[in-house]
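Written out below as structure tokens is the structure these notes cover.
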Amino acid sequence: MIEHSSLIIGLSFALVVTSLTAVELRHLKWASIAYVAQALLIVALLVSYGTLLPNHTLYLWAITVLITKATIIPLMLRHYLQKTTLEETPPSLGFGVSLAIGAAVLAGFYWLIDGHMGWLAPSAALAGEPYATNLSVAFTILAFGLYGLLSRRDALKSVISVCLIENAVHLSLVSLAPGIPETAMIGIVTDVVVSVWILLIIVTGIHEQIGSTDIRELSKLQG
Amino acid sequence: MTNNSILPWLIFLIPALASAAEAISGRKRPEQSGLYAGIGATLTFVLALIMGWQVWHGAKLVAWNGQLYVDGLGALMAVVVSTVGLGATIFSYRYMRHEVKVGKTTRERLPLYFSLIALFISTMVWAVITNNLIMLFVVVEATTLASALLVTFYWKRESLEAGYKYLLLCTIGITFALLGCVLIYAAATPHIGGHDAMLITAAATVASKFPRELTLLAMGFLVVGFGTKAGLVPFHAWLPDAHSQSPSPVSALLSGVSIKVAAYAMARVMTIFYPQYSGVALLLVMIGAVTMLAGIMFAFAQDDLKRMLAFSSVSQIGYVVMGLGIGTYLGFFGALYHLFNHALLKGMLFLCTGALLYTSGTTYISSLRGKENKNVLTAICFFIGALAIGGLPPLNGFWSKFTIFIAAAQAGLWWATGIAVFTSLLTLACLVRAGYLVFLERDDEHGEPDTGECASAPANPGFRLPLSMAGTMVLLAGISVGLGLYPPAISKLVELAAQSIMCAWGG
């Protein structure tokens, strides 16, 4: 049981690291690979929770994530990268500074909320570890996704940040609502896949029209 | 009495089928596009009226073990969505063919347009009749997804930018709404079990037992989430772009109903906590006041008529949210009544801008000034809309705004009444000024009255407005005037809708 918990906590922290790499890596192909790694970690995490709780519907969740987030979304990202550039429009900060700030944002937010999220637990069974840590990790990734959205100029990085936010929400469901029906789960992930798909269609269109995916170039409409 | 009924199923499946039919038949016969969407929208409208009729006579319709639930509120919203949906679909038929003719899009893309329009209507109707917390999120997000490619339909730089902002901001926003919904679900599960906790009506009965901090966090997430989709200030950044860059009938749908669907979601979910958390209600009144004032201030500065109307929509959704925040029966009544009126009026006004684009080729006030070839019906409809949204008696917009004023005053929120009245005057000034500049002001050398028949302007060859387009506008304007002169025709349904919010408290 204790070993199981430490496995889960290890996986959770690996998730945090993959979020950092997905946002910070400048080569978009590597950033998407970091995203795939995160999706696979979520699958592993869901399987571990499934055995720990024990709650067998979590295995179904794991399969859903494997199909959508670890297969369909990466394929869409790959398809997109074949049509456009592989290099990110660089943000104003240099790589090293940006990486340090990103890591500081992650660590700072985690430090701030860790141990304070337990009150969200709906029942006593979900109040202790590792669910509290999981919740802190989920909210940290969510905050980091928002940070990624604000700090990057490249449209694909924004899409990856949205994916991180969606992953975080997915993760938080384990601690908040592990009993959520499968139909609702399918509805949620379908929304995620379709929204990423349409976002990529639009970003490809933007690349066709203005020759770059720098969102600051897109400032014709104001006021 | 609660009836099991097949109507809630049909009302969103029929437009979904129409959407599929458009997509399939459009490959072979793009010239026919719009036919199935039109049939679907008509059937949806008829079904919504039947549902409204049954609810009017005291029934509550249930399907899928309570997952679909039509009470007064649901029926009112279904009528709103399907009315504007039908108008926009019929208007699109000739309008989009004209856009093909002037080279803004191609004939091969029309089936996609009509397919998405039908899908958009289907998701919005589904959103207003679902009783499932998580599905509410799923379907509200689906409305964004169905409409994103409509916003970018012209595939120009501006429309792509608008669509990108729209989809990105609304997706992130609505993710917070999901978190809010999940927190409510999680809090309700220990009390009523996992299955029932999904149902909004069931969760409402145990809302008083939720932990306090959790509820506050959930409500914060819901305000951000549905507030983004509804276009509340400060989450409104996407709205003016998306509403002004999309094809005019889509703007009518976006501004007329899709932001109302988000307001509906707030009305449905947030209000279950009012009895315990009156502070949150006050917060909504404040957000409403800021939204209405900021929206109209921005509207004054716009030269594009569509952008001005979009900002006016921001302002008007502020009235709805203020009414919802007042938290009394009269407040809900006023909010829902205004929601209904504004949907008709703003839908009609955006169709007017479509008609202007059709006849004059632009929606910029500075280019429209003094131009000759404008349709007199467009002018009349525009002024009816402007005066009604401005709250001039006896038009329908007056009654609903007046109700909100009184509700705020009765609740002791005099400052809110003051802001609402002030904004109302500004709205009247803003829209009537725009109407004057566009339709009435003329250069001194042109003395003739404009009749819409002069097809001789050299820069932009004028086009005569087809009957289907003019008819849709006139019909919507006629309904607005009629409901203003004879409010009881709709007020019973609005009463039932307001009561269904109050009933949720009683358990």
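Each chain in the structure tokens gets a letter, A, B, ..., in the order shown, and its residues are numbered from 1; ligands are numbered from 1 in order too.
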- Compile the residues of chain A that lie within 7 Å of chain B, evaluated using only C-alpha atoms, and express the compilation as a list in words.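 Every residue of chain A that passes the 7 Å test is in Leu120, Pro122, Ser123, Val162, Val169, Leu176, Ala177, Gly179, Ala184, Gly187, Ile188, Asp191, Ser195, Leu199, Ile202, Ile206, Gln209, Leu218, Lys220 and Leu221 of chain A.
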- Message: I'd like the contact shell of Ser82 in chain B - 10 Å cut-off, only C-alpha atoms, skipping same-chain residues fewer than 4 positions apart - returned as a PyMOL selection string.
- Response: chain B and resi 11+41-49+77-78+86-88+121-122+124-125+257
- Nearest to Gly10 in chain A: which of A:Ile42, A:Met76, A:Ala104, A:Ile210 is it, counting only C-alpha atoms?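 With only C-alpha atoms as the atom set, the closest residue is A:Ile42.
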- Item | Residue with smallest distance to Leu81 in chain A - pool A:Ser32, A:Ser19, A:Asn55, A:Asn167, counting only C-alpha atoms | A:Ser32
- Message: Taking 2 positions as the minimum chain separation for residues in the same chain, which residues sit within 9 Å of range 58-64 of chain B when counting only C-alpha atoms? Answer as number ranges by chain.
- Response: B: 1-9, 51, 54-56, 66-72, 496
Export of the given selection (C-alpha atoms) as a PDB file, in the first residue's frame:
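Output file result29.pdb is given in full below:
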ATOM      1  CA  MET B   1     -47.216  17.029 -13.270  1.00  0.00           C
ATOM      2  CA  THR B   2     -44.198  15.368 -14.787  1.00  0.00           C
ATOM      3  CA  ASN B   3     -44.663  13.614 -18.098  1.00  0.00           C
ATOM      4  CA  ASN B   4     -42.342  11.249 -19.860  1.00  0.00           C
ATOM      5  CA  SER B   5     -42.117  12.567 -23.346  1.00  0.00           C
ATOM      6  CA  ILE B   6     -40.244  11.988 -26.557  1.00  0.00           C
ATOM      7  CA  LEU B   7     -40.210  15.691 -27.444  1.00  0.00           C
ATOM      8  CA  PRO B   8     -36.966  16.531 -25.572  1.00  0.00           C
ATOM      9  CA  TRP B   9     -35.220  13.856 -27.615  1.00  0.00           C
ATOM     10  CA  MET B  51     -43.163  22.023 -25.697  1.00  0.00           C
ATOM     11  CA  GLN B  54     -47.442  21.818 -22.867  1.00  0.00           C
ATOM     12  CA  VAL B  55     -45.342  23.544 -20.215  1.00  0.00           C
ATOM     13  CA  TRP B  56     -47.701  26.524 -20.333  1.00  0.00           C
ATOM     14  CA  GLY B  66     -34.458  12.641 -15.908  1.00  0.00           C
ATOM     15  CA  GLN B  67     -31.322  13.511 -17.871  1.00  0.00           C
ATOM     16  CA  LEU B  68     -33.416  15.685 -20.171  1.00  0.00           C
ATOM     17  CA  TYR B  69     -35.790  17.923 -18.320  1.00  0.00           C
ATOM     18  CA  VAL B  70     -37.996  20.685 -19.684  1.00  0.00           C
ATOM     19  CA  ASP B  71     -39.567  23.037 -17.165  1.00  0.00           C
ATOM     20  CA  GLY B  72     -40.615  26.639 -17.705  1.00  0.00           C
ATOM     21  CA  LEU B 496     -43.181  29.787 -15.261  1.00  0.00           C
TER      22      LEU B 496
END
- Task: Would you please extract all helix (DSSP H, G or I) residues from chain A, as assigned by DSSP on the backbone, and give them as a PyMOL selection string?
- Result: chain A and resi 2-24+28-52+57-83+95-113+118-120+124-126+131-151+155-176+182-210+215-217
- Query: Which neighbours of Leu60 in chain A fall inside 12 Å, counting only C-alpha atoms, when residues of the same chain fewer than 4 positions from it are skipped, and could you give them as a PyMOL selection string?
  - Reply: chain A and resi 43+46-47+49-50+55-56+64-67+178-183+185-186
Output of the above residues as an mmCIF file, in the first residue's frame, restricted to C-alpha atoms:
data_model
loop_
_atom_site.group_PDB
_atom_site.id
_atom_site.type_symbol
_atom_site.label_atom_id
_atom_site.label_comp_id
_atom_site.auth_asym_id
_atom_site.auth_seq_id
_atom_site.Cartn_x
_atom_site.Cartn_y
_atom_site.Cartn_z
ATOM 1 C CA VAL A 43 -2.466 6.476 -18.156
ATOM 2 C CA LEU A 46 -4.972 6.052 -13.652
ATOM 3 C CA VAL A 47 -4.060 2.370 -13.658
ATOM 4 C CA TYR A 49 -5.289 4.534 -8.804
ATOM 5 C CA GLY A 50 -7.547 1.868 -10.247
ATOM 6 C CA ASN A 55 -12.085 1.220 -8.709
ATOM 7 C CA HIS A 56 -12.228 -0.623 -11.979
ATOM 8 C CA THR A 64 -9.912 6.450 -22.935
ATOM 9 C CA VAL A 65 -6.859 8.594 -22.192
ATOM 10 C CA LEU A 66 -4.595 6.180 -24.061
ATOM 11 C CA ILE A 67 -6.781 6.412 -27.156
ATOM 12 C CA PRO A 178 -13.755 8.947 -9.303
ATOM 13 C CA GLY A 179 -17.298 7.646 -9.596
ATOM 14 C CA ILE A 180 -18.250 9.838 -12.518
ATOM 15 C CA PRO A 181 -20.202 7.835 -15.129
ATOM 16 C CA GLU A 182 -18.443 6.682 -18.263
ATOM 17 C CA THR A 183 -20.846 8.590 -20.546
ATOM 18 C CA MET A 185 -16.202 10.976 -19.209
ATOM 19 C CA ILE A 186 -16.546 10.232 -22.919
#
